[in-house]
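Structure first, then comments.
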Amino acid sequence: MQPFTFPLTPGAQWENGLLCLPPQGGGLVLSPRDAATHAYLNLTLTVEEDHAMAFELRLWAAQEHPRVIIRFGVMPRYRTRIPLNMGWLDGHILYPGHVPGELKVVCHGSRIAPEEIRRVEWVSMPCFHRVRVRLEDCAWSDAPCDPAPVPSTPLVDEMGQYIPKDWPGKTRDPESLNTFLHSQARLPDAYPTPAWNRWGGCARRVMAPGTGYFTRLKQDGRWYLLDPEGCAFFSLGPDCVVARCDARIDGLEPLVRNLPDPGDPQARELYAPMEHPFGETPRGAGKLFSFERANLRRAFGDAWEPTWRRMVVAQLKQAGLNTLGNWSDEHLFGRMPYVTSLPRFPETAHKIFRDFPDVLSPEYREDAARCAQALLPRREDPFLVGYFLRNEPSWAFVDGLILADEVLRDPADTCCKAELIAFLRARYATPGALNAAWGSTFADFEDLRHPEEKMSARFPGAEADLRAFSRRLTEAYVSIPAQACRQADPHHMILGMRWAWISDPALAAGWENFDVFSINCYAVDPTSALERVRELGVDLPVMIGEFHFGALDAGLTATGLEAVPNQEERAAAFRYYVERVAAHPLGVGCHYFQCYDQFVLGRFDGENYNIGLFDICLRPYGEMLQTSRACAESAWAIHAGEAAPTQRRPQTIPMIAY
């Protein structure tokens, strides 16, 4: 019997009260009128599978592809009530937050006005098999639904592992984990081959006189990083080498077995409040817990922290990894080379779009100078490879975004708007000339101060001018903080912006201010992303700040942004990726996201992926670390063009990620 009257997408069907969705994805076709006239779409659903699932609410205007997609995850076999806020459709937010039982929520695309909505679908994302969902409620409303009751049966053991699932390598009890961690604490703090120097560079490949700091070199059409002694250095290591409080447990406490009492003095370092409320979902301030710290404290007592620092550096070095990636524990800096980020990127009180500041204002330049002062304590540190200015600006997630359109849409009288009007006045001199070029009817240049939507689309002649000014805005966004940082720290390399992807060619603007261009690239093969950077005219070494692969044969219920069937294929995927970075003339390093698996019920934003080199019990995935050592040993010859990368392409499956 079909519980709802909504039409189904092709391939979806009702069977015995369950909504069965095909591997390519499917679901319900909803009413555009309801989406335009109601504040929320409320869903009550249970994924009747042993893994999590990702779903999307897709909204179309007149174009072929959805204008806005709200993607969210749901835990397996967990009855969840989910409110999707139609206020998110205006594009102002990327990560709006999640409710208990729900996993990460992401708003993809630009924006869509209520009157533009022509089609709405709620669908599952592609999976490697047919998926069953118990959908109890799907209704439009002007108020969000209440959260579902939290089950009383624990889903997570005291070590942070998922109780309903078993897998090879699962830790059976705290005592066996203690024994294992003590064995890891005795590993030698050394790289695995005598050909490597103290920096993790190749001592046999001295390419230039050492400067005392990490630097770069272009030779025979290839870019290289050099360590402080002038030796070739291929930067390889994990992000987030840190034992931090990152498991979000507020509202989910009954699901964790033997959760320590926050009032216990020995448990205080295991808890932390979320520093800032995340998103807009009404869930409270947030409470975080660290299973990594709990496991280390159980094994090493009060001495867990210095013991862990020695242990994790030894583990990484033994695996051939020579760089601490972004967001790693500052207490590890100096034990091996590291990258870091500017602690705070400059901003202005008023934003043009999402996190894009009023970059042509004195306020932005003044704040850039303040932010750069944070570099002073590390300006003499030879272990610092370089620093990123920031990570994945949320405004740049919109493909083809024309920033000048957002300046003209913004009702505020910003410096960017004043400069845009001055730019057009200088180019056209009179309103008549502007109107003739644009096909517009402005009586005066000052008419542009009134907020207007999508000027580049409304006036056919406007797009070229607005794109040209947008490139100027991007260049100011990049160059002003880069120049301030260069003045504060002339010794270390500026590693760029870690763009999530090159969503528009204008993102290459200002690349001359960097020493290294950085992107995050989730793919099986990074070659096309590296080529894209080169095609845009960027002549810099390229460092990839994030990549990963996940599987479902270990303790987590979601794979991450690239998925493979098992741990053997994770290792094969790691090698295939790393060796292709090394083979590219611009590729000088890649950092794996991340060191430890995420929490099965979700980190601060709801991600729960099997993406660690180590699990949440701090046990290494043997296949991954053996392969990382092999990659590290082969990278030098591959990067020099003396050897070919592996041809063994990994098997893949559709991702389960949000």
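Labels used: A, B, ... for chains in the order of the structure tokens, numbers from 1 for residues in each chain, and numbers from 1 for ligands as shown.
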What's around segment 10-23 of chain A at 7 Å? Count only C-alpha atoms, leave out sequence neighbours fewer than 6 positions away in its own chain, and write the answer as a CSV table (one decimal) with N, CA, C and O atoms, in the first residue's frame.
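Once written, out.csv looks like this:
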```
chain,number,residue,atom,x,y,z
A,1,MET,N,0.9,-1.2,0.0
A,1,MET,CA,0.0,0.0,0.0
A,1,MET,C,0.9,1.2,0.0
A,1,MET,O,1.9,1.3,0.7
A,2,GLN,N,0.5,2.2,-0.8
A,2,GLN,CA,1.3,3.5,-0.9
A,2,GLN,C,0.8,4.5,0.1
A,2,GLN,O,-0.3,4.9,0.1
A,126,PRO,N,22.8,8.1,-5.5
A,126,PRO,CA,23.2,6.8,-6.0
A,126,PRO,C,23.9,5.9,-4.9
A,126,PRO,O,24.7,6.4,-4.1
A,127,CYS,N,23.6,4.6,-4.9
A,127,CYS,CA,24.2,3.7,-4.0
A,127,CYS,C,24.6,2.4,-4.7
A,127,CYS,O,24.3,2.3,-5.9
A,128,PHE,N,25.3,1.5,-4.1
A,128,PHE,CA,25.8,0.4,-4.8
A,128,PHE,C,24.8,-0.8,-4.8
A,128,PHE,O,25.1,-1.9,-5.3
A,129,HIS,N,23.6,-0.5,-4.3
A,129,HIS,CA,22.5,-1.5,-4.3
A,129,HIS,C,21.2,-0.8,-4.1
A,129,HIS,O,21.1,0.4,-3.9
A,130,ARG,N,20.1,-1.5,-4.2
A,130,ARG,CA,18.8,-1.0,-4.0
A,130,ARG,C,18.6,-0.7,-2.5
A,130,ARG,O,19.0,-1.5,-1.6
A,131,VAL,N,18.0,0.4,-2.2
A,131,VAL,CA,17.9,0.9,-0.8
A,131,VAL,C,16.4,0.9,-0.3
A,131,VAL,O,15.5,1.4,-1.1
A,132,ARG,N,16.2,0.5,0.9
A,132,ARG,CA,14.9,0.5,1.5
A,132,ARG,C,14.8,1.6,2.6
A,132,ARG,O,15.7,1.7,3.5
A,133,VAL,N,13.7,2.4,2.5
A,133,VAL,CA,13.5,3.4,3.5
A,133,VAL,C,12.1,3.4,4.0
A,133,VAL,O,11.1,3.2,3.3
A,134,ARG,N,11.9,3.5,5.3
A,134,ARG,CA,10.6,3.6,5.9
A,134,ARG,C,10.3,5.1,6.1
A,134,ARG,O,10.9,5.8,6.9
A,135,LEU,N,9.4,5.6,5.2
A,135,LEU,CA,9.0,7.0,5.2
A,135,LEU,C,7.7,7.1,5.9
A,135,LEU,O,6.6,6.7,5.3
```
DSSP strand (DSSP E or B) selection over segment 452-551 of chain A, as JSON, numbers by chain
{"A": [493, 494, 499, 517, 518, 519, 542, 543, 544, 550]}
Residue subset to file, keeping all heavy atoms, as a PDB file, in the first residue's frame:
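Okay, this is what ended up in selection_31.pdb:
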```
ATOM      1  N   MET A 493      56.830  29.987   2.820  1.00  0.00           N
ATOM      2  CA  MET A 493      56.018  29.984   1.611  1.00  0.00           C
ATOM      3  C   MET A 493      54.536  30.185   1.932  1.00  0.00           C
ATOM      4  O   MET A 493      54.003  29.599   2.882  1.00  0.00           O
ATOM      5  CB  MET A 493      56.205  28.669   0.855  1.00  0.00           C
ATOM      6  CG  MET A 493      57.600  28.491   0.280  1.00  0.00           C
ATOM      7  SD  MET A 493      57.733  27.042  -0.802  1.00  0.00           S
ATOM      8  CE  MET A 493      57.536  25.712   0.387  1.00  0.00           C
ATOM      9  N   ILE A 494      53.888  30.994   1.104  1.00  0.00           N
ATOM     10  CA  ILE A 494      52.431  31.143   1.154  1.00  0.00           C
ATOM     11  C   ILE A 494      51.849  30.064   0.248  1.00  0.00           C
ATOM     12  O   ILE A 494      52.156  30.012  -0.947  1.00  0.00           O
ATOM     13  CB  ILE A 494      51.991  32.544   0.699  1.00  0.00           C
ATOM     14  CG1 ILE A 494      52.610  33.612   1.605  1.00  0.00           C
ATOM     15  CG2 ILE A 494      50.477  32.647   0.702  1.00  0.00           C
ATOM     16  CD1 ILE A 494      52.283  35.035   1.182  1.00  0.00           C
ATOM     17  N   TRP A 499      41.325  26.097  -2.390  1.00  0.00           N
ATOM     18  CA  TRP A 499      40.004  26.135  -3.014  1.00  0.00           C
ATOM     19  C   TRP A 499      39.398  24.731  -3.006  1.00  0.00           C
ATOM     20  O   TRP A 499      40.072  23.737  -3.280  1.00  0.00           O
ATOM     21  CB  TRP A 499      40.110  26.623  -4.458  1.00  0.00           C
ATOM     22  CG  TRP A 499      40.700  27.992  -4.638  1.00  0.00           C
ATOM     23  CD1 TRP A 499      41.896  28.297  -5.217  1.00  0.00           C
ATOM     24  CD2 TRP A 499      40.123  29.247  -4.253  1.00  0.00           C
ATOM     25  NE1 TRP A 499      42.106  29.667  -5.217  1.00  0.00           N
ATOM     26  CE2 TRP A 499      41.024  30.274  -4.633  1.00  0.00           C
ATOM     27  CE3 TRP A 499      38.931  29.611  -3.622  1.00  0.00           C
ATOM     28  CZ2 TRP A 499      40.776  31.624  -4.406  1.00  0.00           C
ATOM     29  CZ3 TRP A 499      38.684  30.962  -3.394  1.00  0.00           C
ATOM     30  CH2 TRP A 499      39.586  31.948  -3.780  1.00  0.00           C
ATOM     31  N   PHE A 517      50.317  27.054  -5.177  1.00  0.00           N
ATOM     32  CA  PHE A 517      48.866  27.129  -5.392  1.00  0.00           C
ATOM     33  C   PHE A 517      48.253  25.868  -4.787  1.00  0.00           C
ATOM     34  O   PHE A 517      48.763  24.768  -4.993  1.00  0.00           O
ATOM     35  CB  PHE A 517      48.566  27.202  -6.883  1.00  0.00           C
ATOM     36  CG  PHE A 517      47.167  27.645  -7.208  1.00  0.00           C
ATOM     37  CD1 PHE A 517      46.865  28.990  -7.338  1.00  0.00           C
ATOM     38  CD2 PHE A 517      46.157  26.720  -7.398  1.00  0.00           C
ATOM     39  CE1 PHE A 517      45.575  29.411  -7.650  1.00  0.00           C
ATOM     40  CE2 PHE A 517      44.866  27.118  -7.711  1.00  0.00           C
ATOM     41  CZ  PHE A 517      44.572  28.475  -7.834  1.00  0.00           C
ATOM     42  N   SER A 518      47.167  26.023  -4.032  1.00  0.00           N
ATOM     43  CA  SER A 518      46.597  24.855  -3.360  1.00  0.00           C
ATOM     44  C   SER A 518      45.130  24.683  -3.698  1.00  0.00           C
ATOM     45  O   SER A 518      44.373  25.644  -3.837  1.00  0.00           O
ATOM     46  CB  SER A 518      46.769  24.964  -1.843  1.00  0.00           C
ATOM     47  OG  SER A 518      46.175  26.148  -1.345  1.00  0.00           O
ATOM     48  N   ILE A 519      44.755  23.416  -3.860  1.00  0.00           N
ATOM     49  CA  ILE A 519      43.363  23.019  -4.033  1.00  0.00           C
ATOM     50  C   ILE A 519      43.115  21.803  -3.144  1.00  0.00           C
ATOM     51  O   ILE A 519      44.049  21.109  -2.737  1.00  0.00           O
ATOM     52  CB  ILE A 519      43.041  22.661  -5.494  1.00  0.00           C
ATOM     53  CG1 ILE A 519      43.994  21.563  -6.012  1.00  0.00           C
ATOM     54  CG2 ILE A 519      43.080  23.897  -6.386  1.00  0.00           C
ATOM     55  CD1 ILE A 519      43.648  21.047  -7.402  1.00  0.00           C
ATOM     56  N   VAL A 542      51.867  22.990  -7.179  1.00  0.00           N
ATOM     57  CA  VAL A 542      50.515  22.799  -6.658  1.00  0.00           C
ATOM     58  C   VAL A 542      50.554  21.752  -5.550  1.00  0.00           C
ATOM     59  O   VAL A 542      51.106  20.666  -5.714  1.00  0.00           O
ATOM     60  CB  VAL A 542      49.529  22.368  -7.756  1.00  0.00           C
ATOM     61  CG1 VAL A 542      48.150  22.095  -7.161  1.00  0.00           C
ATOM     62  CG2 VAL A 542      49.428  23.450  -8.830  1.00  0.00           C
ATOM     63  N   MET A 543      49.956  22.115  -4.427  1.00  0.00           N
ATOM     64  CA  MET A 543      49.805  21.206  -3.299  1.00  0.00           C
ATOM     65  C   MET A 543      48.318  20.922  -3.109  1.00  0.00           C
ATOM     66  O   MET A 543      47.497  21.838  -3.105  1.00  0.00           O
ATOM     67  CB  MET A 543      50.389  21.828  -2.027  1.00  0.00           C
ATOM     68  CG  MET A 543      50.299  20.944  -0.789  1.00  0.00           C
ATOM     69  SD  MET A 543      51.029  21.764   0.663  1.00  0.00           S
ATOM     70  CE  MET A 543      52.782  21.703   0.220  1.00  0.00           C
ATOM     71  N   ILE A 544      47.977  19.653  -2.976  1.00  0.00           N
ATOM     72  CA  ILE A 544      46.595  19.260  -2.721  1.00  0.00           C
ATOM     73  C   ILE A 544      46.419  19.112  -1.213  1.00  0.00           C
ATOM     74  O   ILE A 544      47.104  18.316  -0.570  1.00  0.00           O
ATOM     75  CB  ILE A 544      46.232  17.972  -3.472  1.00  0.00           C
ATOM     76  CG1 ILE A 544      46.259  18.251  -4.980  1.00  0.00           C
ATOM     77  CG2 ILE A 544      44.869  17.453  -3.044  1.00  0.00           C
ATOM     78  CD1 ILE A 544      45.991  17.053  -5.852  1.00  0.00           C
ATOM     79  N   GLY A 550      37.153   6.044   1.452  1.00  0.00           N
ATOM     80  CA  GLY A 550      36.551   5.318   2.562  1.00  0.00           C
ATOM     81  C   GLY A 550      35.848   4.068   2.082  1.00  0.00           C
ATOM     82  O   GLY A 550      35.511   3.927   0.897  1.00  0.00           O
TER      83      GLY A 550
END
```
Write out as a ChimeraX atom specification which residues come within 7 Å of segment 162-176 of chain A when counting only C-alpha atoms, dropping same-chain ones fewer than 3 positions away.
/A:155-157,179-180,553-555,600
Kindly export the residues of the current selection with C-alpha atoms, as a JSON list (two decimals), in the first residue's frame.
```json
[["chain", "number", "residue", "atom", "x", "y", "z"],
["A", 155, "LEU", "CA", 25.00, 2.28, 19.70],
["A", 156, "VAL", "CA", 28.60, 3.18, 20.62],
["A", 157, "ASP", "CA", 30.93, 1.38, 23.03],
["A", 179, "THR", "CA", 48.39, -3.49, 25.33],
["A", 180, "PHE", "CA", 48.42, -2.47, 21.68],
["A", 553, "ASP", "CA", 34.07, -2.97, 5.77],
["A", 554, "ALA", "CA", 35.41, -1.21, 8.88],
["A", 555, "GLY", "CA", 33.64, 0.48, 11.78],
["A", 600, "VAL", "CA", 30.21, 7.11, 13.85]]
```
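Checking A:Ile112, A:Ala635, A:Leu103, A:Leu252 one by one against Ala583 of chain A, counting only C-alpha atoms, you find the shortest gap at A:Ala635.
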Which residues, written as a ChimeraX atom specification, have at least one atom at most 9 Å from Cys202 of chain A, with only C-alpha atoms counted and residues fewer than 4 positions away on the same chain left out?
/A:195-197,206,227,231-234,636
Go ahead and write the residues just picked, N, CA and C atoms, as a JSON list (two decimals), in the first residue's frame.
```
[["chain", "number", "residue", "atom", "x", "y", "z"],
["A", 195, "ALA", "N", 68.18, 7.03, 3.33],
["A", 195, "ALA", "CA", 68.32, 8.02, 2.26],
["A", 195, "ALA", "C", 67.58, 9.32, 2.57],
["A", 196, "TRP", "N", 66.77, 9.30, 3.64],
["A", 196, "TRP", "CA", 66.02, 10.50, 3.99],
["A", 196, "TRP", "C", 66.73, 11.26, 5.10],
["A", 197, "ASN", "N", 66.71, 12.58, 5.00],
["A", 197, "ASN", "CA", 67.33, 13.38, 6.04],
["A", 197, "ASN", "C", 66.33, 13.70, 7.14],
["A", 206, "VAL", "N", 70.17, 16.43, -3.76],
["A", 206, "VAL", "CA", 70.45, 17.82, -3.42],
["A", 206, "VAL", "C", 70.31, 18.64, -4.70],
["A", 227, "ASP", "N", 63.77, 21.08, 0.89],
["A", 227, "ASP", "CA", 63.82, 21.21, 2.34],
["A", 227, "ASP", "C", 64.89, 22.25, 2.73],
["A", 231, "CYS", "N", 67.43, 19.76, -0.38],
["A", 231, "CYS", "CA", 67.11, 18.44, -0.92],
["A", 231, "CYS", "C", 65.66, 18.40, -1.40],
["A", 232, "ALA", "N", 65.41, 17.53, -2.39],
["A", 232, "ALA", "CA", 64.05, 17.36, -2.90],
["A", 232, "ALA", "C", 63.13, 16.90, -1.78],
["A", 233, "PHE", "N", 61.93, 17.50, -1.75],
["A", 233, "PHE", "CA", 60.97, 17.20, -0.68],
["A", 233, "PHE", "C", 59.59, 17.07, -1.31],
["A", 234, "PHE", "N", 59.01, 15.88, -1.25],
["A", 234, "PHE", "CA", 57.63, 15.67, -1.69],
["A", 234, "PHE", "C", 56.77, 15.59, -0.44],
["A", 636, "TRP", "N", 59.95, 10.13, -5.20],
["A", 636, "TRP", "CA", 61.08, 10.92, -5.70],
["A", 636, "TRP", "C", 61.34, 10.63, -7.17]]
```
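In the backbone-derived DSSP annotation, alpha helix (DSSP H) within segment 141-299 of chain A comprises Pro174, Glu175, Ser176, Leu177, Asn178, Thr179, Phe180, Leu181, His182, Ser183, Gln184, Phe291, Glu292, Arg293, Ala294, Asn295, Leu296, Arg297, Arg298 and Ala299 of chain A.
Every protein or nucleic acid residue with an atom no more than 8 Å from Ala319 of chain A, counting only C-alpha atoms and leaving out same-chain residues fewer than 2 positions away, appears here: Tyr191, Pro192, Gln315, Leu316, Lys317, Leu321, Leu625, Gln626, Ser628 and Arg629 of chain A.
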Counting only C-alpha atoms, what is within 6 Å of Leu495 of chain A, bar same-chain residues fewer than 5 positions away, as a PDB file with C-alpha atoms, in the first residue's frame?
```
ATOM      1  CA  TYR A 387      51.043  28.311   5.542  1.00  0.00           C
ATOM      2  CA  PHE A 388      47.666  28.444   3.822  1.00  0.00           C
ATOM      3  CA  VAL A 516      52.397  27.416  -3.990  1.00  0.00           C
ATOM      4  CA  PHE A 517      48.866  27.129  -5.392  1.00  0.00           C
TER       5      PHE A 517
END
```
Interatomic distance (Å, one decimal) between atom CA of Trp223 of chain A and atom CA of Tyr338 of chain A:
19.5 Å
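Taking atom CA of Tyr364 of chain A as the reference point, atom CA of Ile402 of chain A is found at 20.2 Å.
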